[in-house]
Structure formats: C-alpha cells, structure tokens
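Report on one structure; see the data block that follows.
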Amino acid sequence: LLYSLRLLGTGLVFGVITGLLTGILIGWYSNWNYWIDPIVKLLGPIPSTALIPIALSAFATSFQASVFLIALSTWFPITVLTNSGISNVDKSLFEVADTMGATDFQKIVRVAIPAAMPDIFVGIFNGICSSFITLITAEMIGVKYGIGWYINWQRQIMGYANVYAGLIVIAVTFSLIITIFFKIRVHFLRWQKGIIKG
C-alpha cells in the first residue's frame with residue numbers, strides 16, 4: 001500500500017502541476033491556445049491505460065512508466081477544466097484589475113485562478129479518480145509491487161480471501177483520499193459559503 005501511495009502521489013504531483021500550467025496557458029494566452037489546445041484534444045481522450053505497453057517500453061523502469069501514465073491521466077481533466085474556468089471568468093473583474101494597474105501576472109494569480117478555483121477542483125477530483133484507476137491497472141499489468149500487483153498475484157495463486165481484503169483496502173484508501181481532498185477543497189473555497197451550495 002505504501003508503495004502504491006508513493007507511486008500515486010508522485011504521479012499526481014506531476015499531473016496536477018502540468019495540468020494547471022497547461023490549462024492556464026491555454027485559457028489565458030490565445031497563442032498558446034492555438035498551438036496546444038489541438039494537442040490536448042487529440043491526446044486527452046485516449047485512456048492512459050491503453051498506453052501501458054508503450055510506456056513500459058519507453059521508460060527505464062516500470063515505476064517511471066507508471067508515474068508517467070498516472071500523471072497523464074491526471075493532466076487531461078485538470079487542463080480542460082482549468083482552461084474552462086479561466087476562459088469563463090467575468091471580464092468585468094479584469095477590467096477592475098486593469099484600472100488598478102495590475103500586470104498580466106497579477107491578473108492571472110489574483111483574479112483568474114481564484115475565480116476559476118471551483119472548476120479547477122472539479123478537474124483535480126476527476127484527475128484523482130482517473131489516476132487511481134490507472135494506478136491499479138498499471139500495477140496489475142507491469143509493476144512488480146503495490147496493492148494492484150498484490151491482488152493480481154493472490155488471484156493467480158487462488159488466494160481469494162486476500163483478493164477481497166485487497167479490494168477492501170483499495171476502497172478504504174480511495175475513500176480517505178477523497179475525504180481529505182474535499183476537506184482541502186472546502187478550505188480553499190470557504191469564500192463561497194452562502195453563495196454556492198454543496
């Protein structure tokens with residue numbers, strides 16, 4: 001489980017960072033949108049699990065390949081929803097920022113990102129769900145450690161009680177991760193209290 005969490009955490013960090021950066025660039029700059037958006041639309045819908053054979057042959061270790069696949073599965077929903085959130089920010093907010101002499105960077109950091117935060121968190125939630133599926137699939141196919149590998153190993157030796165135990169561990173772990181995520185979301189979106197329900 002610790003191995004799986006380390007793998008998941010590493011992939012999520014890379015996926016969230018690249019997803020946010022790509023989404024901000026596409027949502028804010030028209031030039032970046034012109035060049036990167038078609039690539040996102042082309043690569044994004046491909047399930048990352050379908051790229052497992054390619055990733056395992058392209059990277060030196062199965063750990064690196066799995067990190068790449070998890071990051072890829074996380075990157076797409078975060079990119080799309082960050083882009084959507086920033087593109088749909090009320091333009092009057094930017095006009096106010098302009099009258100106060102804000103630079104482009106200040107408008108992105110102080111206006112666009114906070115206003116797009118609800119969409120960004122939806123993207124991160126979808127990314128976490130996708131990454132967990134990718135993690136378990138990658139471990140069952142290529143990685144030699146982790147809870148997914150353990151379940152597959154026990155299935156092969158017909159240790160079905162251990163398979164069920166592994167599935168319970170996965171369910172509990174994912175539930176805890178999502179609970180922690182929603183606590184973080186509530187903290188960052190506390191300004192919405194009384195404005196948006198849920």
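Labeling convention for the structure tokens: chains A, B, ... as they appear, residues from 1 per chain, ligands from 1 in order of appearance.
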Please report, as a ChimeraX atom specification, each residue of region 135-194 of chain A to which DSSP assigns helix (DSSP H, G or I) when run on this structure's backbone. /A:135-141,147-156,160-188,190-192
Let's have the selection written as a PDB file, in the first residue's frame, with C-alpha atoms.
```pdb
ATOM      1  CA  LEU A 135      -2.538   3.037 -10.786  1.00  0.00           C
ATOM      2  CA  ILE A 136      -4.326  -0.236 -10.122  1.00  0.00           C
ATOM      3  CA  THR A 137      -4.319  -1.222 -13.806  1.00  0.00           C
ATOM      4  CA  ALA A 138      -0.609  -0.429 -14.218  1.00  0.00           C
ATOM      5  CA  GLU A 139       0.267  -2.425 -11.112  1.00  0.00           C
ATOM      6  CA  MET A 140      -1.740  -5.406 -12.289  1.00  0.00           C
ATOM      7  CA  ILE A 141      -0.006  -5.410 -15.672  1.00  0.00           C
ATOM      8  CA  ILE A 147      -1.687  -3.226  -3.903  1.00  0.00           C
ATOM      9  CA  GLY A 148      -2.804  -3.843  -7.501  1.00  0.00           C
ATOM     10  CA  TRP A 149       0.093  -6.232  -8.065  1.00  0.00           C
ATOM     11  CA  TYR A 150      -0.713  -7.964  -4.755  1.00  0.00           C
ATOM     12  CA  ILE A 151      -4.353  -8.523  -5.759  1.00  0.00           C
ATOM     13  CA  ASN A 152      -3.317  -9.928  -9.130  1.00  0.00           C
ATOM     14  CA  TRP A 153      -0.717 -12.186  -7.504  1.00  0.00           C
ATOM     15  CA  GLN A 154      -3.209 -13.535  -4.975  1.00  0.00           C
ATOM     16  CA  ARG A 155      -5.723 -14.142  -7.755  1.00  0.00           C
ATOM     17  CA  GLN A 156      -3.170 -16.204  -9.655  1.00  0.00           C
ATOM     18  CA  TYR A 160      -9.343 -15.199  -2.954  1.00  0.00           C
ATOM     19  CA  ALA A 161      -9.679 -14.124   0.686  1.00  0.00           C
ATOM     20  CA  ASN A 162      -6.597 -11.943   0.206  1.00  0.00           C
ATOM     21  CA  VAL A 163      -8.020 -10.619  -3.068  1.00  0.00           C
ATOM     22  CA  TYR A 164     -11.153  -9.448  -1.260  1.00  0.00           C
ATOM     23  CA  ALA A 165      -9.033  -7.993   1.532  1.00  0.00           C
ATOM     24  CA  GLY A 166      -7.008  -6.071  -1.054  1.00  0.00           C
ATOM     25  CA  LEU A 167     -10.173  -4.728  -2.656  1.00  0.00           C
ATOM     26  CA  ILE A 168     -11.398  -3.531   0.749  1.00  0.00           C
ATOM     27  CA  VAL A 169      -8.052  -1.811   1.367  1.00  0.00           C
ATOM     28  CA  ILE A 170      -8.329  -0.069  -2.019  1.00  0.00           C
ATOM     29  CA  ALA A 171     -11.894   1.088  -1.286  1.00  0.00           C
ATOM     30  CA  VAL A 172     -10.981   2.432   2.165  1.00  0.00           C
ATOM     31  CA  THR A 173      -7.816   4.128   0.890  1.00  0.00           C
ATOM     32  CA  PHE A 174      -9.588   5.823  -2.007  1.00  0.00           C
ATOM     33  CA  SER A 175     -12.391   6.945   0.312  1.00  0.00           C
ATOM     34  CA  LEU A 176      -9.855   8.513   2.682  1.00  0.00           C
ATOM     35  CA  ILE A 177      -8.037  10.266  -0.166  1.00  0.00           C
ATOM     36  CA  ILE A 178     -11.292  11.731  -1.499  1.00  0.00           C
ATOM     37  CA  THR A 179     -12.342  12.804   2.017  1.00  0.00           C
ATOM     38  CA  ILE A 180      -9.032  14.628   2.507  1.00  0.00           C
ATOM     39  CA  PHE A 181      -9.395  16.211  -0.925  1.00  0.00           C
ATOM     40  CA  PHE A 182     -12.865  17.562  -0.111  1.00  0.00           C
ATOM     41  CA  LYS A 183     -11.566  18.980   3.191  1.00  0.00           C
ATOM     42  CA  ILE A 184      -8.883  20.845   1.229  1.00  0.00           C
ATOM     43  CA  ARG A 185     -11.485  21.994  -1.301  1.00  0.00           C
ATOM     44  CA  VAL A 186     -13.758  23.350   1.449  1.00  0.00           C
ATOM     45  CA  HIS A 187     -10.796  25.237   2.941  1.00  0.00           C
ATOM     46  CA  PHE A 188      -9.844  26.918  -0.346  1.00  0.00           C
ATOM     47  CA  ARG A 190     -14.646  28.882   2.006  1.00  0.00           C
ATOM     48  CA  TRP A 191     -15.345  32.258   0.354  1.00  0.00           C
ATOM     49  CA  GLN A 192     -18.193  30.530  -1.497  1.00  0.00           C
TER      50      GLN A 192
END
```
Check which residues of region 114-166 of chain A sit at most 12 Å from region 87-90 of chain A using only C-alpha atoms, and return one row each with the closest pair of atoms and their distance in Å to one decimal, ordered by chain and rising number, as a tab-separated table.
```
residue	atom	partner	partner_atom	distance
A:Pro114	CA	A:Val89	CA	9.6
A:Ala115	CA	A:Val89	CA	6.3
A:Ala116	CA	A:Val89	CA	6.7
A:Met117	CA	A:Val89	CA	10.4
A:Pro118	CA	A:Val89	CA	11.3
A:Asp119	CA	A:Asn88	CA	10.0
```
List the spatial neighbours of Ser62 (chain A) as a PyMOL selection string - criterion: any atom at most 12 Å away, only C-alpha atoms, same-chain residues fewer than 4 positions off excluded. chain A and resi 7+52-58+66-69+135+138-146
Residue nearest Tyr3 (chain A) - candidates A:Ser130, A:Lys41, A:Ser92, A:Phe63, atoms counted: only C-alpha atoms: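 Among A:Ser130, A:Lys41, A:Ser92, A:Phe63, it is A:Phe63 that comes nearest to Tyr3 (chain A).
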Between CA of Val40 (chain A) and CA of Ser131 (chain A), what is the distance in Å, rounded to a tenth?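 That distance, rounded to one decimal, is 17.3 Å.
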Could you state the separation of CA of Phe94 (chain A) and CA of Gly27 (chain A) in Å, given to one decimal place? 13.9 Å
Need the shell around Gly19 (chain A): protein/DNA/RNA residues with any atom at most 7 Å away, counting only C-alpha atoms. Skip same-chain ones fewer than 5 positions apart. Format as a PyMOL selection string? chain A and resi 75-76+78-79
Select, from A:Ile133, A:Ala102, A:Thr22, A:Val96, the residue with the minimum atom-to-atom distance to Asp37 (chain A), counting only C-alpha atoms.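 Of the candidates, the smallest distance to Asp37 (chain A) is held by A:Thr22.
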Can you tell me, as a PyMOL selection string, what residues are no more than 9 Å from Val16 (chain A) when counting only C-alpha atoms, ignoring any on the same chain fewer than 2 positions away? chain A and resi 11-14+18-21+71+74-75+78-79+124+127
Kindly export the residues of the current selection with N, CA and C atoms, as a PDB file, in the first residue's frame.
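Contents of result20.pdb, freshly written:
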```
ATOM      1  N   GLY A  11       2.895  10.586  -9.234  1.00  0.00           N
ATOM      2  CA  GLY A  11       2.173  10.846 -10.476  1.00  0.00           C
ATOM      3  C   GLY A  11       1.210  12.010 -10.353  1.00  0.00           C
ATOM      4  N   LEU A  12       0.517  12.102  -9.219  1.00  0.00           N
ATOM      5  CA  LEU A  12      -0.438  13.193  -9.012  1.00  0.00           C
ATOM      6  C   LEU A  12       0.262  14.552  -8.983  1.00  0.00           C
ATOM      7  N   VAL A  13       1.408  14.618  -8.330  1.00  0.00           N
ATOM      8  CA  VAL A  13       2.142  15.893  -8.261  1.00  0.00           C
ATOM      9  C   VAL A  13       2.493  16.380  -9.661  1.00  0.00           C
ATOM     10  N   PHE A  14       3.086  15.491 -10.464  1.00  0.00           N
ATOM     11  CA  PHE A  14       3.440  15.871 -11.834  1.00  0.00           C
ATOM     12  C   PHE A  14       2.198  16.204 -12.655  1.00  0.00           C
ATOM     13  N   THR A  18       1.517  20.032 -14.158  1.00  0.00           N
ATOM     14  CA  THR A  18       1.476  20.217 -15.618  1.00  0.00           C
ATOM     15  C   THR A  18       0.066  20.556 -16.096  1.00  0.00           C
ATOM     16  N   GLY A  19      -0.953  19.965 -15.468  1.00  0.00           N
ATOM     17  CA  GLY A  19      -2.331  20.267 -15.840  1.00  0.00           C
ATOM     18  C   GLY A  19      -2.689  21.719 -15.576  1.00  0.00           C
ATOM     19  N   LEU A  20      -2.286  22.227 -14.407  1.00  0.00           N
ATOM     20  CA  LEU A  20      -2.557  23.625 -14.073  1.00  0.00           C
ATOM     21  C   LEU A  20      -1.830  24.573 -15.024  1.00  0.00           C
ATOM     22  N   LEU A  21      -0.548  24.287 -15.268  1.00  0.00           N
ATOM     23  CA  LEU A  21       0.229  25.154 -16.158  1.00  0.00           C
ATOM     24  C   LEU A  21      -0.345  25.161 -17.569  1.00  0.00           C
ATOM     25  N   ALA A  71       0.359  10.554 -14.225  1.00  0.00           N
ATOM     26  CA  ALA A  71       0.416  11.996 -14.487  1.00  0.00           C
ATOM     27  C   ALA A  71      -0.406  12.348 -15.720  1.00  0.00           C
ATOM     28  N   THR A  74      -4.103  12.292 -15.030  1.00  0.00           N
ATOM     29  CA  THR A  74      -4.484  13.427 -14.186  1.00  0.00           C
ATOM     30  C   THR A  74      -4.450  14.735 -14.972  1.00  0.00           C
ATOM     31  N   TRP A  75      -3.497  14.830 -15.871  1.00  0.00           N
ATOM     32  CA  TRP A  75      -3.239  16.065 -16.609  1.00  0.00           C
ATOM     33  C   TRP A  75      -4.436  16.519 -17.442  1.00  0.00           C
ATOM     34  N   ILE A  78      -7.622  18.128 -15.569  1.00  0.00           N
ATOM     35  CA  ILE A  78      -7.219  19.384 -14.922  1.00  0.00           C
ATOM     36  C   ILE A  78      -6.977  20.463 -15.969  1.00  0.00           C
ATOM     37  N   THR A  79      -6.326  20.104 -17.061  1.00  0.00           N
ATOM     38  CA  THR A  79      -6.084  21.064 -18.148  1.00  0.00           C
ATOM     39  C   THR A  79      -7.391  21.602 -18.713  1.00  0.00           C
ATOM     40  N   ILE A 124      -9.341  18.452 -10.646  1.00  0.00           N
ATOM     41  CA  ILE A 124      -8.453  17.662  -9.784  1.00  0.00           C
ATOM     42  C   ILE A 124      -9.169  16.417  -9.274  1.00  0.00           C
ATOM     43  N   GLY A 127      -9.270  14.020 -11.991  1.00  0.00           N
ATOM     44  CA  GLY A 127      -7.918  13.510 -12.186  1.00  0.00           C
ATOM     45  C   GLY A 127      -7.541  12.466 -11.156  1.00  0.00           C
TER      46      GLY A 127
END
```
Between A:Ile70, A:Ala65, A:Leu43, A:Ala50, which has the minimum distance to Phe132 (chain A) (counting only C-alpha atoms)? A:Ile70
